[in-house]
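Here is the file my_file-v8.csv (CSV, C-alpha atoms and all ligand atoms).
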```csv
chain,number,residue,atom,x,y,z
A,24,MET,CA,76.2,126.3,131.2
A,25,VAL,CA,74.1,129.3,130.2
A,26,ASP,CA,70.3,128.9,129.8
A,27,ARG,CA,68.9,129.7,126.3
A,28,ILE,CA,65.8,131.4,125.3
A,29,THR,CA,63.9,131.5,122.0
A,30,VAL,CA,63.2,134.9,120.6
A,31,GLU,CA,60.6,135.1,117.9
A,32,VAL,CA,61.3,138.2,115.9
A,33,ALA,CA,59.0,139.8,113.3
A,34,ARG,CA,60.6,139.8,109.9
A,35,TYR,CA,59.3,141.9,107.0
A,36,ARG,CA,61.3,142.1,103.8
A,37,PRO,CA,59.3,144.3,101.5
A,38,GLU,CA,61.3,143.3,98.4
A,39,LYS,CA,60.1,139.8,98.6
A,40,GLU,CA,57.2,139.5,101.1
A,41,ALA,CA,53.7,140.9,101.1
A,42,GLU,CA,53.4,140.8,104.9
A,43,PRO,CA,55.5,140.1,108.0
A,44,SER,CA,56.1,136.7,109.5
A,45,PHE,CA,58.0,135.5,112.6
A,46,GLN,CA,61.5,133.9,112.7
A,47,ALA,CA,62.7,132.1,115.8
A,48,TYR,CA,66.2,132.4,117.1
A,49,GLU,CA,67.7,130.8,120.1
A,50,VAL,CA,70.0,133.1,122.1
A,51,PRO,CA,71.8,132.8,125.4
A,52,CYS,CA,69.6,134.0,128.3
A,53,ARG,CA,72.2,135.6,130.5
A,54,LYS,CA,71.2,137.3,133.7
A,55,ASP,CA,72.7,140.6,132.6
A,56,TRP,CA,71.4,140.6,129.1
A,57,VAL,CA,68.7,142.9,127.9
A,58,ILE,CA,66.6,142.1,124.9
A,59,LEU,CA,68.8,144.3,122.7
A,60,ASP,CA,71.8,142.2,123.7
A,61,GLY,CA,69.8,139.2,122.4
A,62,LEU,CA,69.1,141.0,119.1
A,63,ASN,CA,72.7,142.0,118.7
A,64,HIS,CA,73.7,138.4,119.3
A,65,ILE,CA,71.4,137.3,116.5
A,66,LYS,CA,72.8,140.0,114.2
A,67,ASP,CA,76.4,139.1,115.0
A,68,HIS,CA,76.3,135.4,115.1
A,69,LEU,CA,73.1,134.0,113.7
A,70,ASP,CA,71.6,136.2,111.0
A,71,GLY,CA,73.2,139.4,109.7
A,72,THR,CA,70.1,140.3,107.8
A,73,LEU,CA,68.0,141.2,110.8
A,74,SER,CA,67.2,145.0,110.9
A,75,TYR,CA,66.4,147.0,113.9
A,76,ARG,CA,67.3,150.4,115.4
A,77,TRP,CA,69.4,151.1,118.5
A,78,SER,CA,72.1,153.4,119.5
A,79,CYS,CA,72.9,154.3,123.2
A,80,ARG,CA,71.9,151.0,124.8
A,81,MET,CA,71.3,152.9,128.0
A,82,GLY,CA,67.8,154.3,127.8
A,83,VAL,CA,68.7,157.7,126.6
A,84,CYS,CA,68.4,157.9,122.8
A,85,GLY,CA,64.9,156.5,122.5
A,86,SER,CA,65.6,154.5,119.3
A,87,CYS,CA,65.2,150.9,120.5
A,88,GLY,CA,61.5,150.8,121.2
A,89,MET,CA,59.8,147.6,120.1
A,90,THR,CA,56.7,145.6,121.0
A,91,VAL,CA,57.7,142.8,123.4
A,92,ASN,CA,55.1,140.2,124.1
A,93,GLY,CA,52.5,142.8,123.1
A,94,GLU,CA,53.8,145.6,125.3
A,95,PRO,CA,55.8,148.6,124.0
A,96,LYS,CA,59.2,148.5,125.6
A,97,LEU,CA,62.7,150.0,125.4
A,98,THR,CA,64.6,146.8,124.5
A,99,CYS,CA,67.8,148.1,126.0
A,100,ALA,CA,66.1,148.5,129.4
A,101,THR,CA,64.1,145.2,129.4
A,102,PHE,CA,65.9,142.1,130.6
A,103,LEU,CA,65.7,138.9,128.7
A,104,ALA,CA,65.6,136.8,131.8
A,105,ASP,CA,62.3,138.4,132.8
A,106,TYR,CA,60.7,136.5,129.9
A,107,ALA,CA,62.3,133.1,130.8
A,108,PRO,CA,61.6,130.3,129.9
A,109,GLY,CA,60.3,132.0,126.8
A,110,PRO,CA,59.6,132.1,123.9
A,111,LEU,CA,59.2,135.8,123.7
A,112,ARG,CA,58.0,137.8,120.7
A,113,VAL,CA,59.6,141.0,119.4
A,114,GLU,CA,57.6,143.0,117.0
A,115,PRO,CA,57.8,146.6,115.6
A,116,LEU,CA,56.1,149.4,117.6
A,117,ARG,CA,52.4,149.4,116.9
A,118,ASN,CA,50.5,152.2,115.2
A,119,PHE,CA,53.4,153.0,112.8
A,120,PRO,CA,54.0,151.8,109.2
A,121,ILE,CA,56.6,149.1,109.1
A,122,ILE,CA,59.6,149.7,106.8
A,123,ARG,CA,61.6,146.5,107.4
A,124,ASP,CA,61.7,143.8,110.1
A,125,VAL,CA,61.2,145.8,113.4
A,126,ILE,CA,61.9,149.2,111.9
A,127,VAL,CA,59.0,151.6,111.7
A,128,ASP,CA,58.6,154.9,109.9
A,129,ILE,CA,58.8,157.7,112.4
A,130,ASP,CA,58.4,160.7,110.0
A,131,ASP,CA,54.8,161.3,111.2
A,132,PHE,CA,56.0,161.8,114.8
A,133,MET,CA,58.9,164.0,113.7
A,134,GLN,CA,56.5,166.3,111.9
A,135,LYS,CA,54.2,166.5,114.8
A,136,LEU,CA,57.1,167.2,117.2
A,137,SER,CA,58.3,170.2,115.3
A,138,ALA,CA,54.7,171.4,114.8
A,139,VAL,CA,54.4,172.2,118.6
A,140,LYS,CA,57.6,174.3,118.5
A,141,PRO,CA,59.5,172.5,121.2
A,142,TRP,CA,62.0,175.3,122.0
A,143,LEU,CA,62.1,178.5,124.0
A,144,ILE,CA,60.2,181.3,122.4
A,145,ARG,CA,60.6,184.9,123.4
A,146,ASP,CA,58.7,187.9,122.2
A,147,ALA,CA,62.0,189.8,122.4
A,148,GLU,CA,65.4,188.7,123.7
A,149,LYS,CA,66.6,190.8,126.5
A,150,PRO,CA,70.0,192.5,125.9
A,151,LEU,CA,73.0,190.4,126.8
A,152,ALA,CA,74.1,193.0,129.4
A,153,GLU,CA,71.1,192.1,131.5
A,154,GLY,CA,72.5,188.7,132.1
A,155,GLU,CA,71.0,185.2,132.0
A,156,TYR,CA,67.4,184.2,132.4
A,157,ARG,CA,67.2,182.9,136.0
A,158,GLN,CA,65.0,180.2,137.3
A,159,THR,CA,64.2,179.1,140.8
A,160,PRO,CA,64.2,175.3,141.7
A,161,ALA,CA,60.4,175.6,142.0
A,162,GLN,CA,60.1,177.0,138.5
A,163,LEU,CA,62.3,174.2,137.2
A,164,ASP,CA,60.1,171.6,139.0
A,165,GLU,CA,57.1,172.9,137.0
A,166,TYR,CA,58.3,171.4,133.8
A,167,LYS,CA,61.2,169.1,134.6
A,168,GLN,CA,59.2,165.9,134.4
A,169,PHE,CA,58.1,166.7,130.9
A,170,SER,CA,61.7,167.5,129.9
A,171,MET,CA,62.7,163.9,130.5
A,172,CYS,CA,61.1,162.6,127.3
A,173,ILE,CA,63.5,160.8,125.0
A,174,ASN,CA,61.2,160.7,122.0
A,175,CYS,CA,61.0,156.9,122.1
A,176,MET,CA,57.4,156.9,120.9
A,177,LEU,CA,56.3,154.0,123.2
A,178,CYS,CA,53.4,156.3,124.1
A,179,TYR,CA,52.2,156.5,120.5
A,180,SER,CA,52.5,152.8,120.2
A,181,ALA,CA,50.3,152.3,123.3
A,182,CYS,CA,47.7,154.9,122.4
A,183,PRO,CA,44.5,153.5,120.8
A,184,VAL,CA,43.4,157.0,119.8
A,185,TYR,CA,46.5,157.5,117.7
A,186,GLY,CA,46.1,153.9,116.3
A,187,LEU,CA,42.5,154.8,115.1
A,188,ASP,CA,43.2,158.3,114.1
A,189,PRO,CA,46.7,159.0,112.9
A,190,GLU,CA,45.9,162.8,112.7
A,191,PHE,CA,46.0,163.0,116.5
A,192,ILE,CA,49.1,165.0,117.5
A,193,GLY,CA,49.8,162.5,120.2
A,194,PRO,CA,51.1,162.2,123.8
A,195,ALA,CA,54.8,163.0,123.6
A,196,ALA,CA,54.3,166.1,121.3
A,197,ILE,CA,51.7,167.5,123.8
A,198,ALA,CA,53.9,166.7,126.8
A,199,LEU,CA,56.8,168.5,125.1
A,200,ALA,CA,54.6,171.5,124.3
A,201,GLN,CA,53.8,171.6,128.0
A,202,ARG,CA,57.4,171.3,128.8
A,203,TYR,CA,58.0,174.7,127.2
A,204,ASN,CA,54.6,176.2,128.1
A,205,LEU,CA,55.3,175.7,131.8
A,206,ASP,CA,58.8,177.1,131.5
A,207,SER,CA,59.1,180.5,133.2
A,208,ARG,CA,61.5,181.7,130.4
A,209,ASP,CA,59.1,180.8,127.6
A,210,GLN,CA,56.5,183.1,126.0
A,211,GLY,CA,55.3,180.9,123.2
A,212,ALA,CA,52.1,179.4,124.7
A,213,ARG,CA,49.8,181.3,122.4
A,214,GLN,CA,51.6,180.0,119.3
A,215,ARG,CA,51.6,176.4,120.5
A,216,ASP,CA,47.9,176.7,121.4
A,217,GLU,CA,47.0,177.0,117.7
A,218,VAL,CA,48.2,173.4,117.2
A,219,LEU,CA,47.2,172.0,120.5
A,220,SER,CA,43.6,173.3,120.8
A,221,LYS,CA,42.6,172.0,117.4
A,222,HIS,CA,40.4,168.9,117.3
A,223,GLU,CA,43.5,166.7,116.4
A,224,GLY,CA,45.2,168.3,119.4
A,225,ILE,CA,44.3,167.8,123.0
A,226,TRP,CA,40.5,167.2,122.4
A,227,SER,CA,41.2,164.0,120.5
A,228,CYS,CA,42.5,162.5,123.7
A,229,THR,CA,39.9,160.5,125.6
A,230,PHE,CA,42.2,159.9,128.6
A,231,VAL,CA,42.9,156.2,128.1
A,232,GLY,CA,46.0,156.7,130.1
A,233,GLU,CA,48.1,153.9,128.5
A,234,CYS,CA,50.8,156.4,127.4
A,235,THR,CA,51.6,157.2,131.0
A,236,LYS,CA,51.8,153.5,131.9
A,237,VAL,CA,54.3,152.6,129.2
A,238,CYS,CA,56.5,155.7,129.4
A,239,PRO,CA,60.0,154.5,130.5
A,240,LYS,CA,60.9,158.0,131.7
A,241,HIS,CA,57.8,158.7,133.9
A,242,VAL,CA,56.9,161.7,131.8
A,243,ASP,CA,53.2,161.3,132.4
A,244,PRO,CA,52.0,162.5,129.0
A,245,ALA,CA,48.3,161.7,129.9
A,246,GLY,CA,48.7,164.1,132.9
A,247,ALA,CA,50.2,166.8,130.6
A,248,ILE,CA,47.2,166.5,128.2
A,249,GLN,CA,44.6,166.7,130.9
A,250,ARG,CA,46.3,169.7,132.6
A,251,TYR,CA,46.3,171.4,129.2
A,252,LYS,CA,42.6,170.6,128.7
A,253,LEU,CA,41.8,172.1,132.1
A,254,SER,CA,43.8,175.3,131.5
A,255,SER,CA,42.4,175.6,128.0
A,256,ALA,CA,38.8,175.3,129.2
A,257,MET,CA,39.5,177.8,132.0
A,258,GLY,CA,41.0,180.1,129.4
A,259,SER,CA,37.9,180.0,127.2
A,260,VAL,CA,35.6,180.6,130.2
A,261,LYS,CA,37.7,183.6,131.2
A,262,ASP,CA,37.7,185.0,127.6
A,263,PHE,CA,34.0,184.6,127.5
A,264,LEU,CA,33.4,186.4,130.9
A,265,MET,CA,36.1,189.0,130.3
A,266,PRO,CA,36.3,189.7,126.6
A,267,TRP,CA,38.5,192.7,127.2
A,268,ARG,CA,41.2,190.3,128.5
A,269,GLY,CA,44.4,190.8,126.4
A,270,LYS,CA,44.9,188.6,123.4
B,6,MET,CA,49.0,163.1,107.4
B,7,SER,CA,51.7,160.5,107.1
B,8,THR,CA,50.3,158.7,104.1
B,9,GLU,CA,50.2,161.8,102.0
B,10,ARG,CA,53.5,163.4,102.9
B,11,ASN,CA,55.7,160.3,102.9
B,12,ARG,CA,55.3,159.3,99.4
B,13,TYR,CA,56.5,156.1,97.8
B,14,THR,CA,60.2,156.3,97.0
B,15,GLU,CA,62.9,154.0,95.9
B,16,PHE,CA,64.2,154.0,99.3
B,17,ARG,CA,61.0,153.2,101.0
B,18,PRO,CA,59.8,150.4,98.7
B,19,ARG,CA,56.7,149.2,100.5
B,20,TRP,CA,55.2,149.9,103.8
B,21,TYR,CA,53.3,147.4,105.8
B,22,ARG,CA,50.5,149.0,107.7
B,23,PRO,CA,48.7,146.7,110.1
B,24,LYS,CA,45.1,147.5,110.8
B,25,MET,CA,43.8,147.9,114.3
B,26,SER,CA,41.3,145.3,115.1
B,27,THR,CA,37.7,146.4,115.9
B,28,TRP,CA,38.0,144.4,119.1
B,29,TRP,CA,41.3,146.0,120.3
B,30,TRP,CA,39.6,147.0,123.6
B,31,LEU,CA,39.0,143.4,124.5
B,32,LYS,CA,42.7,142.5,124.4
B,33,ARG,CA,43.7,143.9,127.7
B,34,TRP,CA,42.0,144.6,130.9
B,35,SER,CA,43.1,148.3,131.0
B,36,SER,CA,41.5,149.0,127.6
B,37,LEU,CA,38.3,147.2,128.7
B,38,ALA,CA,38.2,149.3,131.9
B,39,PHE,CA,38.6,152.4,129.7
B,40,ILE,CA,35.7,151.4,127.5
B,41,LEU,CA,33.6,150.6,130.5
B,42,ARG,CA,34.3,154.0,131.9
B,43,GLU,CA,33.2,155.6,128.6
B,44,LEU,CA,30.1,153.5,128.6
B,45,SER,CA,29.3,154.5,132.1
B,46,SER,CA,28.4,158.0,130.9
B,47,ILE,CA,25.2,156.5,129.3
B,48,PHE,CA,24.1,155.2,132.7
B,49,ILE,CA,25.0,158.5,134.3
B,50,ALA,CA,22.7,160.2,131.8
B,51,TRP,CA,19.9,157.7,132.6
B,52,PHE,CA,20.5,158.4,136.3
B,53,ILE,CA,20.1,162.1,135.8
B,54,TYR,CA,16.9,161.6,133.7
B,55,PHE,CA,15.5,159.3,136.5
B,56,PHE,CA,16.3,161.9,139.1
B,57,LEU,CA,14.7,164.7,137.1
B,58,ARG,CA,11.5,162.7,136.8
B,59,LEU,CA,11.5,162.1,140.5
B,60,VAL,CA,11.8,165.9,141.2
B,61,HIS,CA,9.2,166.6,138.5
B,62,ALA,CA,6.8,164.1,140.1
B,63,LEU,CA,7.4,165.5,143.5
B,64,GLY,CA,6.5,169.0,142.2
B,65,ARG,CA,3.2,167.8,140.8
B,66,GLY,CA,1.9,166.5,144.1
B,67,ASP,CA,1.1,163.3,146.0
B,68,ALA,CA,-0.7,161.4,143.3
B,69,ALA,CA,2.0,162.0,140.7
B,70,TYR,CA,4.7,161.0,143.2
B,71,ARG,CA,2.9,157.7,144.0
B,72,GLU,CA,2.6,157.0,140.3
B,73,PHE,CA,6.3,157.6,139.9
B,74,LEU,CA,7.1,155.3,142.8
B,75,ALA,CA,5.0,152.5,141.2
B,76,TRP,CA,6.9,153.0,137.9
B,77,ALA,CA,10.2,153.0,139.7
B,78,ALA,CA,9.4,149.7,141.5
B,79,SER,CA,8.7,147.9,138.2
B,80,PRO,CA,11.2,145.0,137.8
B,81,GLY,CA,12.7,146.5,134.6
B,82,ILE,CA,13.5,149.8,136.2
B,83,VAL,CA,14.9,148.1,139.4
B,84,VAL,CA,17.3,146.0,137.3
B,85,LEU,CA,18.3,149.0,135.2
B,86,ASN,CA,18.9,151.1,138.4
B,87,GLY,CA,20.9,148.3,139.9
B,88,ILE,CA,23.2,148.2,136.9
B,89,THR,CA,23.3,152.0,136.8
B,90,PHE,CA,24.4,152.1,140.5
B,91,ALA,CA,27.3,149.8,139.7
B,92,PHE,CA,28.4,152.0,136.7
B,93,VAL,CA,28.0,155.2,138.7
B,94,LEU,CA,30.2,153.8,141.4
B,95,PHE,CA,32.8,152.7,138.8
B,96,HIS,CA,32.7,156.1,137.1
B,97,ALA,CA,33.1,158.0,140.4
B,98,VAL,CA,36.0,155.8,141.7
B,99,THR,CA,38.0,155.8,138.4
B,100,TRP,CA,37.3,159.6,138.0
B,101,PHE,CA,38.6,160.3,141.5
B,102,ASN,CA,41.7,158.2,140.9
B,103,LEU,CA,42.4,160.1,137.7
B,104,ALA,CA,41.9,163.6,139.2
B,105,PRO,CA,45.5,164.1,140.5
B,106,GLN,CA,46.8,163.6,136.9
B,107,ALA,CA,44.7,166.5,135.6
B,108,MET,CA,45.0,168.8,138.6
B,109,VAL,CA,48.1,170.4,140.0
B,110,VAL,CA,47.3,172.2,143.2
B,111,HIS,CA,49.9,174.5,144.9
B,112,LEU,CA,49.6,175.3,148.5
B,113,GLY,CA,52.1,177.6,150.2
B,114,GLY,CA,54.5,177.3,147.3
B,115,LYS,CA,54.5,173.5,147.5
B,116,ARG,CA,52.9,171.1,145.0
B,117,LEU,CA,50.4,168.9,146.8
B,118,PRO,CA,51.0,165.1,146.4
B,119,GLY,CA,48.5,163.3,144.1
B,120,ALA,CA,47.2,161.1,146.9
B,121,LEU,CA,46.0,164.2,148.8
B,122,ILE,CA,44.1,165.5,145.8
B,123,ALA,CA,42.4,162.1,145.2
B,124,GLY,CA,41.8,161.9,149.0
B,125,ALA,CA,40.1,165.3,149.1
B,126,ASN,CA,37.8,164.1,146.3
B,127,TYR,CA,36.9,161.0,148.3
B,128,ALA,CA,36.5,163.0,151.5
B,129,ALA,CA,34.1,165.3,149.7
B,130,TRP,CA,32.2,162.3,148.5
B,131,VAL,CA,31.9,160.9,152.0
B,132,VAL,CA,30.7,164.2,153.4
B,133,ALA,CA,28.1,164.6,150.7
B,134,THR,CA,26.8,161.0,151.2
B,135,ALA,CA,26.6,161.6,155.0
B,136,LEU,CA,24.7,164.8,154.4
B,137,VAL,CA,22.2,163.1,152.1
B,138,LEU,CA,21.8,160.2,154.6
B,139,TRP,CA,21.2,162.6,157.4
B,140,ILE,CA,18.5,164.5,155.4
B,141,VAL,CA,16.8,161.3,154.4
B,142,SER,CA,16.8,159.7,157.8
B,143,ARG,CA,15.8,162.7,159.7
C,301,LIG,S1,56.5,160.6,126.7
C,301,LIG,FE1,57.6,158.8,127.4
C,301,LIG,S2,56.9,157.1,126.1
C,301,LIG,FE2,56.4,159.1,125.1
C,301,LIG,S3,58.1,159.5,123.7
C,301,LIG,FE3,58.6,160.6,125.6
C,301,LIG,S4,59.8,159.1,126.9
C,301,LIG,FE4,58.8,157.9,125.2
C,302,LIG,S1,69.3,152.0,122.6
C,302,LIG,FE1,69.0,154.1,123.2
C,302,LIG,S2,67.2,154.0,124.4
C,302,LIG,FE2,67.6,151.9,124.0
```

Would you kindly transcribe this structure into structure tokens?
Amino acid sequence: MVDRITVEVARYRPEKEAEPSFQAYEVPCRKDWVILDGLNHIKDHLDGTLSYRWSCRMGVCGSCGMTVNGEPKLTCATFLADYAPGPLRVEPLRNFPIIRDVIVDIDDFMQKLSAVKPWLIRDAEKPLAEGEYRQTPAQLDEYKQFSMCINCMLCYSACPVYGLDPEFIGPAAIALAQRYNLDSRDQGARQRDEVLSKHEGIWSCTFVGECTKVCPKHVDPAGAIQRYKLSSAMGSVKDFLMPWRGK
Amino acid sequence: MSTERNRYTEFRPRWYRPKMSTWWWLKRWSSLAFILRELSSIFIAWFIYFFLRLVHALGRGDAAYREFLAWAASPGIVVLNGITFAFVLFHAVTWFNLAPQAMVVHLGGKRLPGALIAGANYAAWVVATALVLWIVSR
């Protein structure tokens, strides 16, 4: 006989409720089930009206982030049995507006993401005949960690600065900017700096460090931000001491 | 940003936007530790002020220095300095532990491991402390 566990899921139906409430469901607590399996069980067998996002169920797409017992988690990478005997609480990611049940509005993050131009920027492309842009393993290592981000937004959910000031550009966007800034093939650092060195950019960050703790991909966004602060500060000092330095 | 751009539409009938509690930093130990670290800067400022007064008194001669010592020995100041010492320690330790995240040091083409960067900070601390102890006890 399989153990069972109670999952309390936040429900919010804007067409008939003014604020969210919890609804409890009992699901099988199987050793190999992640929380997402429990939610799918509810959707398929108990209550088809429950709304939530997911896609890959293997920690790659970044769409299944929710707040589980107060902590931001990828629900496809978090085992139900770790919360036995329960009950466990599943809520929407914090710091985002809730649309329905555990679905949040991610437009704000999407806008911020494109604001930092997360793609390779070149002043001029070299002619095709000159061949590919080569990179050594050491050059790859410089940014590889930051390229692991899956845009799951757990870091935004964990960040009190973003919670208090939604203008803050936020951990993942800065980490992704650094992913390109530190790429030897990229020349767009000056363009990204316009967004990053604003007050709502890196200087809003007070180094709480929660983003790094919750990141399921070990991106270390807090580290990316502090490194950027350091190089930005060094850059201003150099500009001050050597005003003739090329812009 | 979000509130303005994502206007009310038929397809997004009504957002629910929970407010962050004023007491968010009491809910988890890591947030409390963060607030304490921020708070420690006040005590660091006091420590610097105290130290500057000491140097100032020293510069003005024997009488001024004795006066300073008497002031420093008053119970209020002693208690304050005790608390300050604890906060300065907390500040230093948490700062050193965070250093590897902000600093990437390359040596001979290799990236140094974080433990080494934190370790170097601690080592410098020990050396500086030893130096001060040596000067004081000479
Ligand atoms: S930095 Fe980590 S927590 Fe933040 S969005 Fe990327 S993968 Fe998710
Ligand atoms: S469902 Fe894709 S990351 Fe969880």

Given the point (68.3, 141.7, 130.6) in the file's coordinates, find the residues that have an atom at most 10 Å from it, counting only C-alpha atoms, and give them as number ranges by chain. A: 52-61, 98-106

Identify every residue of chain A that has at least one atom within 9 Å of any atom of chain B, counting all atoms listed in the file, and report the result as JSON, numbers by chain. {"A": [35, 37, 38, 41, 42, 43, 117, 118, 119, 120, 121, 122, 123, 127, 128, 130, 131, 132, 134, 161, 183, 186, 187, 189, 190, 229, 230, 231, 232, 233, 243, 245, 246, 247, 248, 249, 250, 251, 252, 253]}

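Residue nearest Ile82 of chain B, chosen from B:Ala120, B:Ala68, B:Phe95, B:Phe55 and counting only C-alpha atoms: B:Phe55.
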
Give me, as number ranges by chain, all polymer residues having an atom no more than 12 Å from segment 148-154 of chain A, counting only C-alpha atoms and skipping those fewer than 5 positions away in the same chain. A: 143, 208-210

To one decimal place in Å, what is the distance between atom CA of Met171 of chain A and atom CA of Leu205 of chain A? 14.0 Å

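You can rank A:Met265, A:Val83, A:Ile197, A:Val237 by their closest distance to ligand LIG 302 (chain C) using all atoms listed in the file, and at the top of that list sits A:Val83.
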
Protein and nucleic residues near ligand LIG 302 (chain C), 9 Å, only C-alpha atoms and all ligand atoms, as a ChimeraX atom specification: /A:59,76-88,97-100,173,175

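The gap separating atom CA of Val93 of chain B from atom CA of Leu44 of chain B is 10.5 Å, in Å to one decimal.
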
My structure is short of atoms at segment 148-165 of chain A; please model N, CA, C and O atoms there, returning them as a tab-separated table (two decimals), in the coordinates of the input.
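So part39.tsv came out as:
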```tsv
chain	number	residue	atom	x	y	z
A	148	GLU	N	64.25	189.08	122.82
A	148	GLU	CA	65.40	188.70	123.70
A	148	GLU	C	65.79	189.88	124.49
A	148	GLU	O	65.84	191.00	123.98
A	149	LYS	N	66.12	189.63	125.76
A	149	LYS	CA	66.60	190.80	126.50
A	149	LYS	C	68.10	191.00	126.19
A	149	LYS	O	68.78	190.04	125.81
A	150	PRO	N	68.56	192.24	126.30
A	150	PRO	CA	70.00	192.50	125.90
A	150	PRO	C	70.92	191.67	126.76
A	150	PRO	O	70.67	191.37	127.94
A	151	LEU	N	72.01	191.32	126.14
A	151	LEU	CA	73.00	190.40	126.80
A	151	LEU	C	73.48	191.01	128.10
A	151	LEU	O	73.71	190.27	129.05
A	152	ALA	N	73.57	192.33	128.15
A	152	ALA	CA	74.10	193.00	129.40
A	152	ALA	C	73.23	192.70	130.58
A	152	ALA	O	73.70	192.75	131.72
A	153	GLU	N	71.96	192.40	130.35
A	153	GLU	CA	71.10	192.10	131.50
A	153	GLU	C	71.27	190.76	132.10
A	153	GLU	O	70.63	190.40	133.07
A	154	GLY	N	72.12	189.98	131.48
A	154	GLY	CA	72.50	188.70	132.10
A	154	GLY	C	71.56	187.55	131.69
A	154	GLY	O	70.72	187.69	130.80
A	155	GLU	N	71.72	186.43	132.38
A	155	GLU	CA	71.00	185.20	132.00
A	155	GLU	C	69.54	185.24	132.50
A	155	GLU	O	69.16	186.06	133.30
A	156	TYR	N	68.75	184.32	131.95
A	156	TYR	CA	67.40	184.20	132.40
A	156	TYR	C	67.44	183.22	133.62
A	156	TYR	O	67.76	182.05	133.48
A	157	ARG	N	67.12	183.75	134.77
A	157	ARG	CA	67.20	182.90	136.00
A	157	ARG	C	65.95	182.19	136.27
A	157	ARG	O	64.88	182.61	135.88
A	158	GLN	N	66.13	181.08	136.96
A	158	GLN	CA	65.00	180.20	137.30
A	158	GLN	C	65.17	179.66	138.67
A	158	GLN	O	66.28	179.25	139.01
A	159	THR	N	64.13	179.65	139.45
A	159	THR	CA	64.20	179.10	140.80
A	159	THR	C	64.02	177.55	140.69
A	159	THR	O	63.43	177.08	139.70
A	160	PRO	N	64.45	176.80	141.70
A	160	PRO	CA	64.20	175.30	141.70
A	160	PRO	C	62.71	175.03	141.54
A	160	PRO	O	62.33	174.08	140.85
A	161	ALA	N	61.86	175.86	142.14
A	161	ALA	CA	60.40	175.60	142.00
A	161	ALA	C	59.94	175.79	140.61
A	161	ALA	O	59.10	175.03	140.12
A	162	GLN	N	60.49	176.81	139.92
A	162	GLN	CA	60.10	177.00	138.50
A	162	GLN	C	60.59	175.88	137.63
A	162	GLN	O	59.93	175.48	136.69
A	163	LEU	N	61.75	175.35	137.97
A	163	LEU	CA	62.30	174.20	137.20
A	163	LEU	C	61.39	172.99	137.42
A	163	LEU	O	61.09	172.26	136.47
A	164	ASP	N	60.94	172.79	138.66
A	164	ASP	CA	60.10	171.60	139.00
A	164	ASP	C	58.81	171.62	138.15
A	164	ASP	O	58.24	170.56	137.89
A	165	GLU	N	58.33	172.82	137.77
A	165	GLU	CA	57.10	172.90	137.00
A	165	GLU	C	57.10	172.08	135.74
A	165	GLU	O	56.09	171.53	135.33
```
